[in-house]
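Data from entry07.cif: mmCIF, C-alpha atoms
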data_data
loop_
_atom_site.label_atom_id
_atom_site.label_comp_id
_atom_site.auth_asym_id
_atom_site.auth_seq_id
_atom_site.Cartn_x
_atom_site.Cartn_y
_atom_site.Cartn_z
CA MET O 1 -16.15 6.06 -32.21
CA PRO O 2 -13.46 4.45 -34.41
CA ALA O 3 -12.66 0.80 -33.96
CA PRO O 4 -9.59 0.23 -31.78
CA GLN O 5 -6.38 -0.64 -33.54
CA ALA O 6 -4.84 -4.04 -32.91
CA LEU O 7 -2.24 -3.98 -30.16
CA ASP O 8 1.17 -5.48 -30.92
CA PRO O 9 2.72 -6.59 -27.59
CA GLN O 10 6.26 -6.35 -28.92
CA ASP O 11 5.68 -2.83 -30.21
CA LEU O 12 4.20 -1.91 -26.83
CA LEU O 13 7.27 -3.18 -24.99
CA HIS O 14 9.64 -1.51 -27.46
CA ARG O 15 7.94 1.87 -27.08
CA LEU O 16 7.95 1.67 -23.29
CA THR O 17 11.60 0.64 -23.28
CA ASP O 18 12.40 3.72 -25.36
CA ALA O 19 10.44 5.78 -22.81
CA THR O 20 12.52 4.55 -19.85
CA PRO O 21 14.60 7.76 -19.55
CA ALA O 22 11.41 9.81 -19.47
CA MET O 23 9.96 7.50 -16.82
CA VAL O 24 13.04 7.96 -14.65
CA THR O 25 12.86 11.74 -15.09
CA ASP O 26 9.23 11.77 -13.98
CA LEU O 27 10.04 9.41 -11.11
CA GLU O 28 12.74 11.79 -9.90
CA ARG O 29 10.30 14.68 -9.95
CA LEU O 30 7.74 12.68 -7.98
CA VAL O 31 10.28 11.43 -5.42
CA ARG O 32 11.60 14.96 -4.89
CA ALA O 33 8.05 15.95 -3.94
CA GLU O 34 8.37 14.34 -0.51
CA SER O 35 5.02 13.17 0.83
CA PRO O 36 4.90 11.85 4.40
CA SER O 37 1.39 10.69 5.26
CA LEU O 38 0.85 13.16 8.11
CA ASP O 39 2.14 16.30 6.37
CA GLY O 40 -0.82 17.89 4.60
CA ASP O 41 1.18 20.59 2.83
CA ALA O 42 3.72 18.09 1.49
CA LEU O 43 0.95 15.77 0.32
CA SER O 44 -0.73 18.64 -1.52
CA THR O 45 2.51 19.50 -3.29
CA CYS O 46 3.13 15.90 -4.29
CA ARG O 47 -0.46 15.54 -5.48
CA THR O 48 0.01 18.58 -7.73
CA VAL O 49 3.18 17.08 -9.22
CA LEU O 50 1.48 13.73 -9.83
CA ALA O 51 -1.53 15.45 -11.37
CA GLU O 52 0.72 17.39 -13.75
CA ILE O 53 2.59 14.26 -14.83
CA GLY O 54 -0.62 12.31 -15.34
CA THR O 55 -2.36 15.12 -17.19
CA ARG O 56 0.55 15.42 -19.60
CA LEU O 57 0.61 11.67 -20.25
CA LEU O 58 -3.12 10.93 -20.34
CA GLY O 59 -4.31 14.13 -21.99
CA THR O 60 -6.88 14.85 -19.31
CA ALA O 61 -6.83 16.27 -15.80
CA PRO O 62 -7.79 14.08 -12.85
CA THR O 63 -10.60 14.54 -10.40
CA ILE O 64 -9.19 15.82 -7.11
CA LEU O 65 -10.83 13.83 -4.34
CA PRO O 66 -12.19 15.58 -1.22
CA ASN O 67 -10.01 16.20 1.80
CA ASP O 68 -10.28 13.90 4.79
CA PRO O 69 -13.19 15.40 6.79
CA GLY O 70 -11.59 14.27 10.03
CA ASN O 71 -8.39 16.30 9.76
CA GLY O 72 -8.33 18.10 6.44
CA ARG O 73 -5.53 16.00 4.92
CA PRO O 74 -5.61 16.12 1.12
CA GLY O 75 -7.55 13.54 -0.80
CA GLY O 76 -6.21 11.58 -3.73
CA LEU O 77 -6.53 11.72 -7.52
CA LEU O 78 -8.77 9.85 -9.93
CA TRP O 79 -8.55 9.55 -13.70
CA GLN O 80 -11.61 8.03 -15.37
CA LEU O 81 -11.03 6.97 -18.96
CA GLY O 82 -12.93 5.02 -21.55
CA PRO O 83 -16.58 4.56 -22.51
CA ALA O 84 -19.14 4.97 -19.76
CA ASP O 85 -20.92 1.75 -20.70
CA THR O 86 -17.85 -0.46 -20.11
CA GLN O 87 -16.90 -1.70 -16.67
CA PRO O 88 -13.38 -0.33 -16.08
CA VAL O 89 -10.23 -1.90 -14.73
CA LEU O 90 -9.02 -0.27 -11.52
CA LEU O 91 -5.35 0.71 -11.41
CA LEU O 92 -4.58 1.44 -7.79
CA GLY O 93 -1.75 3.10 -5.90
CA HIS O 94 -0.86 5.70 -3.29
CA PHE O 95 1.54 8.65 -3.22
CA ASP O 96 2.06 9.03 0.53
CA THR O 97 5.24 7.57 2.06
CA VAL O 98 6.56 6.68 5.50
CA PHE O 99 9.59 8.98 5.18
CA PRO O 100 9.63 12.34 7.01
CA LYS O 101 10.18 15.50 5.06
CA GLY O 102 13.89 16.22 4.78
CA THR O 103 14.87 12.60 4.11
CA LEU O 104 16.12 13.68 0.68
CA LYS O 105 18.90 15.68 2.35
CA HIS O 106 20.70 12.52 3.42
CA ARG O 107 19.11 10.08 0.95
CA PRO O 108 18.90 11.93 -2.37
CA PHE O 109 17.39 10.53 -5.52
CA LEU O 110 20.22 8.67 -7.28
CA VAL O 111 20.55 6.56 -10.40
CA GLU O 112 23.54 4.22 -10.25
CA GLY O 113 23.68 1.79 -13.13
CA THR O 114 20.31 0.04 -13.29
CA ARG O 115 19.37 0.91 -9.72
CA VAL O 116 17.51 4.02 -8.56
CA THR O 117 17.31 4.91 -4.87
CA GLY O 118 15.47 7.52 -2.83
CA PRO O 119 12.59 7.75 -0.37
CA GLY O 120 9.49 6.16 -1.85
CA VAL O 121 10.96 4.91 -5.12
CA PHE O 122 9.80 1.34 -4.47
CA ASP O 123 6.83 1.99 -2.19
CA MET O 124 5.38 3.15 -4.43
CA LYS O 125 6.15 6.07 -6.67
CA ALA O 126 7.77 4.01 -9.44
CA GLY O 127 4.57 1.95 -9.63
CA LEU O 128 2.50 5.10 -10.17
CA ILE O 129 4.79 6.31 -12.95
CA GLN O 130 4.77 2.89 -14.62
CA GLY O 131 0.97 2.77 -14.45
CA LEU O 132 0.58 6.20 -16.04
CA TYR O 133 2.98 5.34 -18.85
CA ALA O 134 1.18 2.04 -19.39
CA VAL O 135 -2.16 3.76 -19.93
CA ALA O 136 -0.58 6.48 -22.06
CA GLN O 137 1.01 3.98 -24.44
CA LEU O 138 -2.19 1.96 -24.58
CA ARG O 139 -4.09 5.08 -25.66
CA GLU O 140 -1.50 5.94 -28.28
CA LEU O 141 -1.25 2.46 -29.79
CA THR O 142 -4.98 1.64 -29.88
CA GLY O 143 -6.22 5.14 -30.69
CA GLN O 144 -8.78 4.96 -27.88
CA ASP O 145 -9.05 5.56 -24.18
CA PRO O 146 -8.98 2.23 -22.34
CA ALA O 147 -11.70 1.58 -19.78
CA VAL O 148 -9.63 2.48 -16.72
CA ALA O 149 -10.12 4.07 -13.32
CA PHE O 150 -6.67 5.18 -12.16
CA LEU O 151 -6.85 5.91 -8.43
CA ALA O 152 -3.98 7.30 -6.35
CA THR O 153 -4.73 7.79 -2.65
CA ALA O 154 -2.92 9.87 -0.03
CA ASP O 155 -3.19 7.88 3.21
CA GLU O 156 -2.45 4.19 2.55
CA GLU O 157 0.60 4.12 4.82
CA ILE O 158 -1.51 5.09 7.85
CA GLY O 159 -4.34 2.62 7.25
CA SER O 160 -6.38 4.53 4.64
CA PRO O 161 -8.76 6.25 7.09
CA ALA O 162 -10.29 8.30 4.26
CA GLY O 163 -8.92 6.74 1.08
CA GLY O 164 -10.12 3.27 2.02
CA ARG O 165 -13.74 4.21 1.49
CA VAL O 166 -12.94 5.52 -1.99
CA VAL O 167 -10.96 2.38 -2.83
CA THR O 168 -13.85 0.15 -1.79
CA GLN O 169 -16.35 2.27 -3.72
CA TRP O 170 -14.37 2.06 -6.95
CA ALA O 171 -13.41 -1.58 -6.53
CA ARG O 172 -17.10 -2.48 -6.49
CA GLN O 173 -17.58 -0.68 -9.82
CA CYS O 174 -14.62 -2.33 -11.58
CA ARG O 175 -14.20 -5.68 -13.25
CA ALA O 176 -10.72 -6.18 -11.79
CA ALA O 177 -8.14 -4.39 -9.64
CA LEU O 178 -4.48 -4.24 -10.62
CA VAL O 179 -2.47 -2.93 -7.68
CA LEU O 180 0.69 -0.99 -8.53
CA GLU O 181 2.49 -1.78 -5.27
CA GLY O 182 6.07 -3.06 -5.47
CA ALA O 183 6.74 -6.65 -6.45
CA ALA O 184 7.60 -9.49 -4.12
CA ASP O 185 11.21 -10.63 -3.78
CA GLY O 186 12.72 -11.40 -7.17
CA GLY O 187 9.95 -9.58 -9.00
CA GLY O 188 7.14 -11.96 -8.11
CA LEU O 189 3.53 -10.89 -8.29
CA LYS O 190 1.51 -10.94 -5.06
CA HIS O 191 -1.43 -13.31 -5.14
CA ALA O 192 -2.23 -13.06 -1.41
CA ARG O 193 -1.67 -10.72 1.52
CA LYS O 194 -2.26 -11.25 5.20
CA GLY O 195 -4.98 -9.39 7.01
CA TRP O 196 -3.95 -6.54 9.29
CA SER O 197 -5.26 -5.54 12.70
CA PHE O 198 -3.78 -3.04 15.10
CA TYR O 199 -4.63 -2.18 18.67
CA ASP O 200 -3.78 0.51 21.18
CA ILE O 201 -3.77 -0.84 24.73
CA ARG O 202 -3.72 1.74 27.53
CA VAL O 203 -3.30 1.02 31.25
CA LYS O 204 -4.09 3.55 34.00
CA GLY O 205 -2.14 3.43 37.26
CA ILE O 206 -1.44 5.73 40.19
CA ALA O 207 1.64 7.96 40.36
CA ALA O 208 3.89 8.03 43.41
CA HIS O 209 7.48 8.91 44.31
CA ALA O 210 9.63 5.98 43.19
CA GLY O 211 12.06 6.37 46.09
CA LEU O 212 10.00 7.65 49.02
CA GLU O 213 6.72 5.76 48.74
CA PRO O 214 6.55 3.48 45.70
CA ASP O 215 4.10 1.25 47.55
CA LYS O 216 1.50 4.02 47.33
CA GLY O 217 1.60 3.92 43.55
CA CYS O 218 0.17 1.49 41.01
CA ASN O 219 2.71 0.85 38.23
CA ALA O 220 0.95 0.99 34.85
CA LEU O 221 4.13 0.01 33.04
CA SER O 222 4.61 -3.19 35.04
CA ASP O 223 1.00 -4.16 34.39
CA LEU O 224 1.35 -3.46 30.68
CA ALA O 225 4.55 -5.53 30.52
CA LYS O 226 2.67 -8.55 31.86
CA ILE O 227 -0.03 -8.01 29.26
CA ILE O 228 2.52 -7.91 26.43
CA VAL O 229 4.15 -11.14 27.56
CA ALA O 230 0.74 -12.82 27.80
CA LEU O 231 -0.21 -11.68 24.31
CA GLU O 232 2.82 -13.38 22.80
CA SER O 233 1.14 -16.72 23.43
CA LEU O 234 -1.51 -15.93 20.80
CA ALA O 235 1.00 -16.30 17.95
CA ALA O 236 3.29 -18.87 19.55
CA GLN O 237 1.57 -21.94 18.08
CA ASP O 238 1.02 -20.72 14.51
CA ASP O 239 3.86 -19.26 12.45
CA ARG O 240 1.34 -17.80 9.99
CA ILE O 241 0.31 -15.30 12.68
CA THR O 242 2.52 -12.42 13.79
CA LEU O 243 1.75 -10.27 16.82
CA THR O 244 4.26 -7.46 17.26
CA PRO O 245 4.32 -4.73 19.90
CA THR O 246 5.54 -1.64 18.04
CA LEU O 247 5.07 1.79 19.64
CA ALA O 248 5.12 2.12 23.44
CA SER O 249 5.26 4.86 26.07
CA ALA O 250 4.88 5.14 29.82
CA GLY O 251 5.33 7.42 32.81
CA THR O 252 6.21 11.05 33.30
CA THR O 253 9.64 11.27 34.98
CA GLN O 254 12.47 8.91 35.86
CA ASN O 255 11.65 8.94 39.59
CA THR O 256 7.87 8.57 39.39
CA VAL O 257 5.83 5.38 39.44
CA PRO O 258 4.18 5.41 35.98
CA ASP O 259 0.51 6.28 36.20
CA ARG O 260 -0.08 5.46 32.55
CA ALA O 261 1.36 3.18 29.87
CA GLN O 262 0.33 2.27 26.37
CA VAL O 263 1.43 0.06 23.52
CA THR O 264 0.42 -0.43 19.89
CA VAL O 265 0.21 -4.03 18.75
CA ASP O 266 0.45 -5.01 15.07
CA VAL O 267 -1.26 -8.29 14.12
CA ARG O 268 -1.03 -10.11 10.77
CA VAL O 269 -3.18 -13.14 9.97
CA PRO O 270 -3.67 -15.42 6.93
CA ASP O 271 -7.47 -15.55 6.72
CA ILE O 272 -10.61 -13.80 7.91
CA ARG O 273 -11.58 -16.52 10.40
CA THR O 274 -8.21 -16.28 12.15
CA GLN O 275 -8.47 -12.49 12.19
CA GLN O 276 -11.78 -12.69 14.04
CA GLU O 277 -10.49 -15.35 16.44
CA ILE O 278 -7.38 -13.32 17.31
CA ASP O 279 -9.48 -10.22 17.87
CA THR O 280 -11.62 -12.09 20.41
CA ALA O 281 -8.61 -13.75 22.04
CA LEU O 282 -6.66 -10.50 22.40
CA HIS O 283 -9.49 -8.83 24.30
CA ARG O 284 -9.83 -11.91 26.51
CA VAL O 285 -6.11 -12.14 27.33
CA VAL O 286 -5.86 -8.45 28.21
CA SER O 287 -8.94 -8.69 30.42
CA GLU O 288 -7.61 -11.76 32.22
CA THR O 289 -4.09 -10.39 32.69
CA ALA O 290 -4.63 -6.74 33.61
CA ARG O 291 -4.76 -5.83 37.28
CA LEU O 292 -5.30 -2.12 36.67
CA PRO O 293 -7.96 -0.29 34.65
CA PHE O 294 -7.32 -0.60 30.91
CA GLU O 295 -8.71 0.43 27.53
CA ILE O 296 -8.36 -1.24 24.12
CA THR O 297 -9.04 0.63 20.91
CA GLY O 298 -8.52 -0.44 17.31
CA GLY O 299 -9.16 -3.80 15.70
CA PRO O 300 -9.18 -5.31 12.20
CA ASN O 301 -8.16 -2.73 9.59
CA ARG O 302 -7.65 -4.87 6.48
CA PRO O 303 -9.16 -8.27 5.76
CA PRO O 304 -6.80 -10.72 4.07
CA LEU O 305 -6.37 -10.73 0.30
CA GLU O 306 -6.94 -14.43 -0.25
CA GLN O 307 -5.50 -16.28 -3.22
CA ALA O 308 -8.86 -17.14 -4.78
CA ARG O 309 -9.37 -13.47 -5.71
CA ALA O 310 -6.16 -13.49 -7.78
CA ALA O 311 -6.45 -16.86 -9.52
CA ASP O 312 -7.91 -15.74 -12.86
CA LEU O 313 -5.74 -12.63 -13.03
CA LEU O 314 -2.61 -14.73 -12.52
CA VAL O 315 -3.58 -16.68 -15.64
CA THR O 316 -4.07 -13.41 -17.54
CA ALA O 317 -0.71 -12.10 -16.33
CA ARG O 318 1.11 -15.25 -17.41
CA THR O 319 -0.50 -15.11 -20.87
CA CYS O 320 0.44 -11.44 -21.27
CA LEU O 321 4.04 -12.06 -20.23
CA ASP O 322 4.26 -14.86 -22.80
CA GLU O 323 3.00 -12.47 -25.50
CA LEU O 324 5.57 -9.88 -24.42
CA GLY O 325 8.35 -12.47 -24.49
CA LEU O 326 9.10 -11.91 -20.79
CA PRO O 327 9.76 -14.62 -18.20
CA TRP O 328 7.22 -15.57 -15.56
CA PRO O 329 8.45 -14.07 -12.24
CA GLY O 330 6.37 -16.30 -10.03
CA SER O 331 3.94 -15.14 -7.37
CA ALA O 332 3.90 -15.06 -3.61
CA ALA O 333 1.78 -14.65 -0.50
CA VAL O 334 3.20 -11.82 1.63
CA GLY O 335 2.73 -10.48 5.14
CA GLY O 336 2.42 -6.81 4.22
CA ILE O 337 -0.93 -5.22 3.44
CA SER O 338 -2.12 -2.78 0.83
CA ASP O 339 -5.35 -1.24 -0.40
CA GLY O 340 -5.57 -4.35 -2.55
CA ASN O 341 -6.90 -6.08 0.55
CA LEU O 342 -9.89 -3.74 0.41
CA CYS O 343 -10.48 -4.49 -3.28
CA ALA O 344 -10.56 -8.22 -2.61
CA ALA O 345 -12.89 -7.71 0.36
CA ALA O 346 -15.24 -5.83 -1.98
CA GLY O 347 -15.48 -8.99 -4.09
CA THR O 348 -13.31 -7.69 -6.94
CA PRO O 349 -10.72 -9.94 -8.63
CA THR O 350 -7.43 -8.47 -7.43
CA LEU O 351 -3.78 -8.95 -8.32
CA ASP O 352 -1.08 -7.09 -6.39
CA GLY O 353 2.64 -6.47 -6.83
CA LEU O 354 2.39 -5.16 -10.39
CA GLY O 355 4.53 -2.11 -9.65
CA ALA O 356 8.25 -1.64 -9.21
CA VAL O 357 10.77 -4.48 -9.10
CA GLY O 358 13.25 -3.72 -6.34
CA GLY O 359 13.29 -3.93 -2.57
CA GLY O 360 13.83 -2.33 0.81
CA PRO O 361 10.35 -0.87 1.36
CA HIS O 362 10.37 1.59 4.30
CA ALA O 363 14.14 1.15 4.67
CA ASP O 364 17.13 3.40 4.05
CA HIS O 365 18.25 1.22 1.12
CA GLU O 366 14.89 1.26 -0.72
CA TRP O 367 15.54 0.80 -4.45
CA THR O 368 13.98 0.11 -7.84
CA ASP O 369 15.44 -1.67 -10.87
CA VAL O 370 15.17 0.71 -13.84
CA THR O 371 15.36 -2.08 -16.42
CA HIS O 372 12.11 -3.56 -15.14
CA MET O 373 10.12 -0.33 -15.31
CA PRO O 374 9.14 -0.66 -19.00
CA GLN O 375 8.53 -4.39 -18.61
CA ARG O 376 6.09 -3.92 -15.75
CA ALA O 377 4.42 -1.00 -17.53
CA ALA O 378 3.97 -3.21 -20.61
CA LEU O 379 2.48 -6.01 -18.50
CA VAL O 380 -0.03 -3.63 -16.90
CA ALA O 381 -0.97 -2.12 -20.27
CA LEU O 382 -1.48 -5.49 -21.91
CA MET O 383 -3.52 -6.80 -18.98
CA VAL O 384 -5.76 -3.74 -19.14
CA GLU O 385 -6.23 -4.27 -22.87
CA ARG O 386 -7.00 -7.99 -22.51
CA LEU O 387 -9.39 -7.46 -19.62
CA GLY O 388 -11.12 -4.68 -21.55
CA ALA O 389 -11.45 -6.88 -24.62
CA ALA O 390 -13.04 -9.59 -22.50
CA ALA O 391 -15.61 -7.05 -21.30
CA ARG O 392 -16.63 -5.98 -24.81
#
Take the structure I supplied and represent it as structure tokens, if you would.
Amino acid sequence: MPAPQALDPQDLLHRLTDATPAMVTDLERLVRAESPSLDGDALSTCRTVLAEIGTRLLGTAPTILPNDPGNGRPGGLLWQLGPADTQPVLLLGHFDTVFPKGTLKHRPFLVEGTRVTGPGVFDMKAGLIQGLYAVAQLRELTGQDPAVAFLATADEEIGSPAGGRVVTQWARQCRAALVLEGAADGGGLKHARKGWSFYDIRVKGIAAHAGLEPDKGCNALSDLAKIIVALESLAAQDDRITLTPTLASAGTTQNTVPDRAQVTVDVRVPDIRTQQEIDTALHRVVSETARLPFEITGGPNRPPLEQARAADLLVTARTCLDELGLPWPGSAAVGGISDGNLCAAAGTPTLDGLGAVGGGPHADHEWTDVTHMPQRAALVALMVERLGAAAR
């Protein structure tokens, strides 16, 4: 195998800057392939588009990962590059979005000046495109395949019920994980994420006519309301903890005492100890408050990504940005979660927020700054190269 050519950071950035129009074109194609997490057909179509883009750029087709055995939803894609005897760097992302199919009809893909908008441009299709271009340019400039595992999953937005196992498996095999999720506010990298738990609480009552004999019923909604109020106390004394009731439903008709009620509760915590404590406390509060039969399902889904896992990679990122002549954007701890949490939990050094610079994730105004696409791609490419050199 020929010796790798020396990589010139300025040449890398220049080439990726020249490739910006092509990146935007590929981003448009990927965004137009709408991919809500629960739509298997749409996910399959988007996966095909992503596979075609990646195959063209990387010169090799990906492995198509197995469907979710629980419901048949499509699996993700994996590109394995580089020598088998070198521990790879994991580049991680997902192509599912929170936006229902048809969103493009009222929120089309648009480029206005330096800003591109459309469903999923920031979370996180621009990050996937940037990552693919980063690896492609690295291959071209060094004359070799970098030691990379490029993994794109299909179910991150719904808690990674199938993809999470694949993420953990590959994180354990890799020397570092670079997560292509969108940047923090102002372009900052993400050195920490809160842990995520979610719970479904169901209360069973007895139905009765609300006007004729309400006293013969047992109101599940009233009981659940008391539980929700009691749960608020768990986060009241610590602003690092958020406990948010999100989805709720109850009853059957407007004139019937509700015989059932349920709520989903989203919990974010800063560290693993707090996550375990809140889990215990939530079960206790519900048990002490409920007067009707109840059921709790769910629990911790993502452990926190704690800052210690990102410390060395932050140093690498700063050094690479200096070599590229780009400013340091800072770094932040954020409340949102990603599959990067799973990488950190596997013991792998993990740095998140290396994808798009923009904002509005999950919102109607979601956007990405086009001028930062080549810069972030160059940063990812140079980090891969430096981490690979350290492994040799």
Matched chain/residue IDs from the PyMOL selection byres ((chain O and resi 340) around 12), as JSON, numbers by chain: {"O": [90, 91, 92, 93, 94, 151, 156, 160, 164, 167, 168, 170, 171, 176, 177, 178, 179, 180, 181, 190, 191, 192, 193, 194, 195, 302, 303, 304, 305, 306, 307, 309, 310, 336, 337, 338, 339, 341, 342, 343, 344, 345, 346, 347, 348, 349, 350, 351, 352, 353, 354]}
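For the pair atom CA of Leu132 of chain O and atom CA of Ile64 of chain O, the separation is 16.4 Å.
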Let me know the residues the PyMOL selection byres ((chain O and resi 23) around 8) catches in the file above, as an mmCIF file with C-alpha atoms, keeping the file's coordinate frame.
data_model
loop_
_atom_site.group_PDB
_atom_site.id
_atom_site.type_symbol
_atom_site.label_atom_id
_atom_site.label_comp_id
_atom_site.auth_asym_id
_atom_site.auth_seq_id
_atom_site.Cartn_x
_atom_site.Cartn_y
_atom_site.Cartn_z
ATOM 1 C CA ALA O 19 10.440 5.780 -22.810
ATOM 2 C CA THR O 20 12.520 4.550 -19.850
ATOM 3 C CA PRO O 21 14.600 7.760 -19.550
ATOM 4 C CA ALA O 22 11.410 9.810 -19.470
ATOM 5 C CA VAL O 24 13.040 7.960 -14.650
ATOM 6 C CA THR O 25 12.860 11.740 -15.090
ATOM 7 C CA ASP O 26 9.230 11.770 -13.980
ATOM 8 C CA LEU O 27 10.040 9.410 -11.110
ATOM 9 C CA ILE O 129 4.790 6.310 -12.950
ATOM 10 C CA GLN O 130 4.770 2.890 -14.620
ATOM 11 C CA TYR O 133 2.980 5.340 -18.850
ATOM 12 C CA MET O 373 10.120 -0.330 -15.310
#
Atomic distance atom CA of Asp239 of chain O - atom CA of Val334 of chain O, expressed in Å with one decimal: 13.1 Å
For Pro293 of chain O, list every protein, DNA or RNA residue within 10 Å, evaluated using all atoms listed in the file, and leave out those in the same chain fewer than 3 positions away; present the list as a PDB file with C-alpha atoms, in the coordinates of the input.
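Everything below was put into out.pdb:
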ATOM      1  CA  ARG O 202      -3.720   1.740  27.530  1.00  0.00           C
ATOM      2  CA  VAL O 203      -3.300   1.020  31.250  1.00  0.00           C
ATOM      3  CA  LYS O 204      -4.090   3.550  34.000  1.00  0.00           C
ATOM      4  CA  GLY O 205      -2.140   3.430  37.260  1.00  0.00           C
ATOM      5  CA  ALA O 220       0.950   0.990  34.850  1.00  0.00           C
ATOM      6  CA  ASP O 223       1.000  -4.160  34.390  1.00  0.00           C
ATOM      7  CA  ARG O 260      -0.080   5.460  32.550  1.00  0.00           C
ATOM      8  CA  SER O 287      -8.940  -8.690  30.420  1.00  0.00           C
ATOM      9  CA  ALA O 290      -4.630  -6.740  33.610  1.00  0.00           C
TER      10      ALA O 290
END
On this file, the PyMOL selection byres ((chain O and resi 46) around 8) gives some set of residues; write that set as an mmCIF file with C-alpha atoms, in the coordinates of the input.
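File written: result.cif
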data_model
loop_
_atom_site.group_PDB
_atom_site.id
_atom_site.type_symbol
_atom_site.label_atom_id
_atom_site.label_comp_id
_atom_site.auth_asym_id
_atom_site.auth_seq_id
_atom_site.Cartn_x
_atom_site.Cartn_y
_atom_site.Cartn_z
ATOM 1 C CA LEU O 30 7.740 12.680 -7.980
ATOM 2 C CA ALA O 33 8.050 15.950 -3.940
ATOM 3 C CA GLU O 34 8.370 14.340 -0.510
ATOM 4 C CA SER O 35 5.020 13.170 0.830
ATOM 5 C CA ALA O 42 3.720 18.090 1.490
ATOM 6 C CA LEU O 43 0.950 15.770 0.320
ATOM 7 C CA SER O 44 -0.730 18.640 -1.520
ATOM 8 C CA THR O 45 2.510 19.500 -3.290
ATOM 9 C CA ARG O 47 -0.460 15.540 -5.480
ATOM 10 C CA THR O 48 0.010 18.580 -7.730
ATOM 11 C CA VAL O 49 3.180 17.080 -9.220
ATOM 12 C CA LEU O 50 1.480 13.730 -9.830
ATOM 13 C CA PHE O 95 1.540 8.650 -3.220
#
Residues near Pro146 of chain O, cut-off 10 Å, only C-alpha atoms, skip fewer than 4 positions along chain, as a short mmCIF file (atom, residue, chain, number, x, y, z; two decimals) with C-alpha atoms, in the frame of the given file:
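Result file is around24.cif:
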data_model
loop_
_atom_site.label_atom_id
_atom_site.label_comp_id
_atom_site.auth_asym_id
_atom_site.auth_seq_id
_atom_site.Cartn_x
_atom_site.Cartn_y
_atom_site.Cartn_z
CA PRO O 4 -9.59 0.23 -31.78
CA GLN O 80 -11.61 8.03 -15.37
CA LEU O 81 -11.03 6.97 -18.96
CA GLY O 82 -12.93 5.02 -21.55
CA PRO O 83 -16.58 4.56 -22.51
CA THR O 86 -17.85 -0.46 -20.11
CA PRO O 88 -13.38 -0.33 -16.08
CA VAL O 89 -10.23 -1.90 -14.73
CA VAL O 135 -2.16 3.76 -19.93
CA ALA O 136 -0.58 6.48 -22.06
CA LEU O 138 -2.19 1.96 -24.58
CA ARG O 139 -4.09 5.08 -25.66
CA THR O 142 -4.98 1.64 -29.88
CA ALA O 381 -0.97 -2.12 -20.27
CA VAL O 384 -5.76 -3.74 -19.14
CA GLU O 385 -6.23 -4.27 -22.87
CA GLY O 388 -11.12 -4.68 -21.55
CA ALA O 389 -11.45 -6.88 -24.62
#
Nearest-residue call for Val229 of chain O, choices O:Ala363, O:Leu282, O:Ala183, O:Leu38, using only C-alpha atoms: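 So, comparing all the options, the nearest one is O:Leu282.
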Nearest-residue call for Thr371 of chain O, choices O:Gly251, O:Asp96, O:Gly358, O:Arg291, using all atoms listed in the file: O:Gly358
Using only C-alpha atoms: which of O:Ala356, O:Ala51, O:Val31, O:Leu321 has the shortest distance to Gly102 of chain O: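 Counting only C-alpha atoms, the residue closest to Gly102 of chain O is O:Val31.
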Of the listed residues O:Ala147, O:Ala154, O:Val315, O:Leu221, that which approaches Gly75 of chain O most closely, counting only C-alpha atoms: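 Of O:Ala147, O:Ala154, O:Val315, O:Leu221, the one nearest Gly75 of chain O, counting only C-alpha atoms, is O:Ala154.
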Non-local contacts of Gln276 of chain O (10 Å; only C-alpha atoms; under 6 positions in same chain excluded) as JSON, numbers by chain: {"O": [197, 269, 299, 300, 303]}
Selected residue, from O:Leu57, O:Val111, O:Arg73, O:His14, that lies nearest to Glu28 of chain O when counting only C-alpha atoms: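 That would be O:Val111, the residue with the smallest distance to Glu28 of chain O.
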Residue nearest Ala333 of chain O among O:Gly59, O:Gly188, O:Pro66, O:Pro74 (counting only C-alpha atoms):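 Residue with the minimum atom-to-atom distance to Ala333 of chain O: O:Gly188.
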Distance in Å - atom CA of His283 of chain O versus atom CA of Asp155 of chain O: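 Computing the Euclidean distance for atom CA of His283 of chain O and atom CA of Asp155 of chain O yields 27.6 Å.
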For Glu140 of chain O: contacts at 10 Å, all atoms listed in the file, fewer than 5 positions along chain excluded, given as a list in words: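 In the requested format, the answer is Gln5, Leu12, Leu58, Val135 and Asp145 of chain O.
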Local residues around (-0.1, -8.4, -18.7), at most 8 Å away, using all atoms listed in the file, as a PyMOL selection string: chain O and resi 316-321+378-384+386
Test item: residues at most 7 Å from Ala208 of chain O, all atoms listed in the file, excluding those fewer than 5 positions along its chain, as a list in words: Glu213, Pro214, Lys216, Gly217, Thr256 and Val257 of chain O
Report the centre and edge lengths, in Å to one decimal, of an axis-aligned box enclosing every atom of segment 58-67 of chain O listed in the file, padded by 8 Å on each side, as lines of an AutoDock Vina configuration file.
center_x = -7.7
center_y = 13.6
center_z = -10.1
size_x = 25.1
size_y = 21.3
size_z = 39.8
